[in-house]
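All remarks here apply to the structure that follows.
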Amino acid sequence: MERSVTKRVLITGGASGLGKSLATYFLSQGHHVCIVDVNDERGKQALESFSATGTQGEVFFQRCDVTKADDLQAAVNAVTDRWGGLDVMVNNAGVAGGGPFDWVSNEDWQWIMDINFFGVLRGCQAAVPIMKEQGSGHIVNIASMAGLLNPPGMSSYNISKAAVVSLSETLVAELEPFGIGVTCVCPSFFKTNLGESMRSPDESTSDNLAKLMDNSDELSAEDIAKMIHDAVQNKGFLLMPHDKARAAWEYKQQDLDGHLKIQLKLARSVKDRAKPKSRP
């Protein structure tokens, strides 16, 4: 992506966390950005923060619930109506969940899949037709290293993100003949507000996520935002921003049995610390 060429960008979950950092960086590079989010107040605050710091590109906010296909289509339509097209679709909105496999309810499975996977799917479905019509565009799907490494105690989250990886790998080939690129981002832990959305029947799962995020200092959301921008520019497919997590993925590819032995140690730890949440 050349800085001199203004891109029209739509970011789901764009009012906070990585989404907001992405919006900030794309705007700093002179691109036009629509941030969509289910939280109106945070959307307003994000716009105020962009105004306070100054931006090179234009920005607006639209409320969007990624569990609703009509909302995502309306967001894509708003961008095309305002700027005449859509160049980059960032499917970033996501939530956290986990706990021992047999403790996770069907309701919580449906909730996390509806946002983490089907939210991404709906975003792709809304964006692809206009990009095909243009003969150009780029889709960025935010997955997770959890979708590649599958740590125990996180079955619902792992699978929701693994589905995003699979969708992205399918689309990167299928859409290339139409001039559309795809980037799948698989970060490890970094400081965001993801923990606010955590659903788990296990107290230790929520506590462990909070500790992992608090202690994560390898990369910031701002660092990852720049890496994503660069991946779009370079038409890169699989982006694994964290060195340690990427090393774990490479080890899994080289020695699956060794990787599974490490997983077994983690699983024993999950078993020993699991503590059912008390009902209110």
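Letters A, B, ... mark the chains of the structure tokens in the order given; residue numbers begin at 1 per chain; ligand numbers begin at 1, in order shown.
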(request) Might you pull out every residue within 9 Å of range 157-167 of chain A, with only C-alpha atoms counted and same-chain residues fewer than 4 positions away left off, and present them as an MDAnalysis selection string? (result) chainID A and resid 95:98 109 112:118 120:121 141:152 171:172 184:186 238
Residue subset to file, keeping N, CA and C atoms, as a compact mmCIF listing (two decimals), in the first residue's frame:
```
# COMPACT_ATOMS: atom_id res chain seq x y z
N VAL A 95 -14.25 -11.63 20.74
CA VAL A 95 -14.46 -11.80 22.18
C VAL A 95 -13.63 -12.99 22.66
N ALA A 96 -13.55 -13.15 23.99
CA ALA A 96 -12.76 -14.22 24.59
C ALA A 96 -13.65 -15.19 25.35
N GLY A 97 -13.24 -16.44 25.37
CA GLY A 97 -13.99 -17.45 26.11
C GLY A 97 -13.12 -18.67 26.33
N GLY A 98 -13.49 -19.48 27.30
CA GLY A 98 -12.72 -20.69 27.55
C GLY A 98 -13.19 -21.40 28.80
N TRP A 109 -20.75 -21.53 23.45
CA TRP A 109 -20.19 -21.92 22.16
C TRP A 109 -20.83 -21.11 21.04
N ILE A 112 -19.63 -17.31 21.11
CA ILE A 112 -18.27 -17.00 20.64
C ILE A 112 -18.13 -17.26 19.14
N MET A 113 -18.78 -18.31 18.66
CA MET A 113 -18.71 -18.59 17.22
C MET A 113 -19.44 -17.51 16.42
N ASP A 114 -20.54 -17.01 16.95
CA ASP A 114 -21.34 -16.00 16.25
C ASP A 114 -20.55 -14.71 16.04
N ILE A 115 -19.70 -14.38 17.00
CA ILE A 115 -18.90 -13.14 16.90
C ILE A 115 -17.56 -13.41 16.23
N ASN A 116 -16.79 -14.36 16.78
CA ASN A 116 -15.41 -14.54 16.32
C ASN A 116 -15.31 -15.14 14.92
N PHE A 117 -16.19 -16.09 14.59
CA PHE A 117 -16.13 -16.66 13.24
C PHE A 117 -17.19 -16.07 12.33
N PHE A 118 -18.47 -16.19 12.70
CA PHE A 118 -19.51 -15.73 11.79
C PHE A 118 -19.47 -14.21 11.60
N VAL A 120 -16.69 -12.52 11.29
CA VAL A 120 -15.70 -12.38 10.22
C VAL A 120 -16.29 -12.82 8.88
N LEU A 121 -16.99 -13.95 8.90
CA LEU A 121 -17.63 -14.43 7.67
C LEU A 121 -18.59 -13.39 7.09
N ASN A 141 -8.32 -10.45 8.18
CA ASN A 141 -9.07 -11.19 9.19
C ASN A 141 -8.19 -11.39 10.43
N ILE A 142 -8.67 -10.93 11.57
CA ILE A 142 -7.90 -11.06 12.81
C ILE A 142 -8.26 -12.40 13.46
N ALA A 143 -7.33 -13.33 13.40
CA ALA A 143 -7.48 -14.63 14.06
C ALA A 143 -6.67 -14.60 15.36
N SER A 144 -5.89 -15.63 15.61
CA SER A 144 -5.10 -15.70 16.84
C SER A 144 -4.14 -16.87 16.74
N MET A 145 -3.03 -16.80 17.47
CA MET A 145 -2.15 -17.97 17.56
C MET A 145 -2.89 -19.14 18.20
N ALA A 146 -3.93 -18.84 18.98
CA ALA A 146 -4.73 -19.91 19.58
C ALA A 146 -5.35 -20.80 18.51
N GLY A 147 -5.63 -20.22 17.35
CA GLY A 147 -6.21 -20.99 16.26
C GLY A 147 -5.21 -21.88 15.55
N LEU A 148 -3.92 -21.68 15.84
CA LEU A 148 -2.86 -22.51 15.26
C LEU A 148 -2.28 -23.48 16.27
N LEU A 149 -2.19 -23.04 17.55
CA LEU A 149 -1.54 -23.85 18.58
C LEU A 149 -2.52 -24.62 19.45
N ASN A 150 -3.76 -24.16 19.54
CA ASN A 150 -4.83 -24.87 20.25
C ASN A 150 -4.50 -25.22 21.70
N PRO A 151 -4.24 -24.24 22.55
CA PRO A 151 -3.92 -24.54 23.95
C PRO A 151 -5.11 -25.14 24.69
N PRO A 152 -4.86 -26.07 25.61
CA PRO A 152 -5.96 -26.69 26.37
C PRO A 152 -6.66 -25.68 27.25
N LEU A 171 -9.92 -18.22 1.11
CA LEU A 171 -10.19 -17.01 0.33
C LEU A 171 -8.96 -16.44 -0.35
N VAL A 172 -7.78 -16.61 0.26
CA VAL A 172 -6.59 -15.99 -0.33
C VAL A 172 -6.34 -16.53 -1.73
N CYS A 184 -4.26 -12.87 7.01
CA CYS A 184 -4.76 -13.48 8.24
C CYS A 184 -3.76 -13.19 9.35
N VAL A 185 -4.22 -12.54 10.41
CA VAL A 185 -3.34 -12.10 11.49
C VAL A 185 -3.54 -13.01 12.70
N CYS A 186 -2.43 -13.57 13.19
CA CYS A 186 -2.48 -14.49 14.33
C CYS A 186 -1.58 -13.98 15.45
N LEU A 238 -0.08 -14.75 5.88
CA LEU A 238 -0.12 -15.12 7.29
C LEU A 238 0.84 -14.27 8.10
```
(message) Give me the residues near range 30-40 of chain A as a PyMOL selection string, where near means some atom within 9 Å (using only C-alpha atoms) and where sequence neighbours in that chain fewer than 5 positions away do not count.
(response) chain A and resi 3-16+19-20+23-25+45-47+55-66+72+75+78-79+83+93
(request) Just list the residues in range 43-216 of chain A DSSP gives strand (DSSP E or B) on the backbone, as a VMD selection string. (result) chain A and resid 59 to 63 88 to 91 97 99 137 to 142 154 180 to 185 199 202
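Going from CA of Lys68 in chain A to CA of Gly135 in chain A covers 26.4 Å.
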(request) Determine the nearest neighbour of Val128 in chain A from the options A:Asp223, A:Glu176, A:Asp70, A:Asp102, counting only C-alpha atoms. (result) A:Glu176
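Nearest to Gly179 in chain A of all the residues A:Gln134, A:Ser156, A:Thr67, A:Thr80 is A:Gln134, based on only C-alpha atoms.
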(request) Determine which residues of range 30-196 of chain A DSSP labels as alpha helix (DSSP H) from the backbone of this structure, then write them out as JSON, numbers by chain. (result) {"A": [40, 41, 42, 43, 44, 45, 46, 47, 48, 49, 50, 51, 52, 53, 69, 70, 71, 72, 73, 74, 75, 76, 77, 78, 79, 80, 81, 82, 83, 106, 107, 108, 109, 110, 111, 112, 118, 119, 120, 121, 122, 123, 124, 125, 126, 127, 128, 129, 130, 131, 132, 133, 134, 146, 147, 148, 149, 155, 156, 157, 158, 159, 160, 161, 162, 163, 164, 165, 166, 167, 168, 169, 170, 171, 172, 173, 174, 175]}
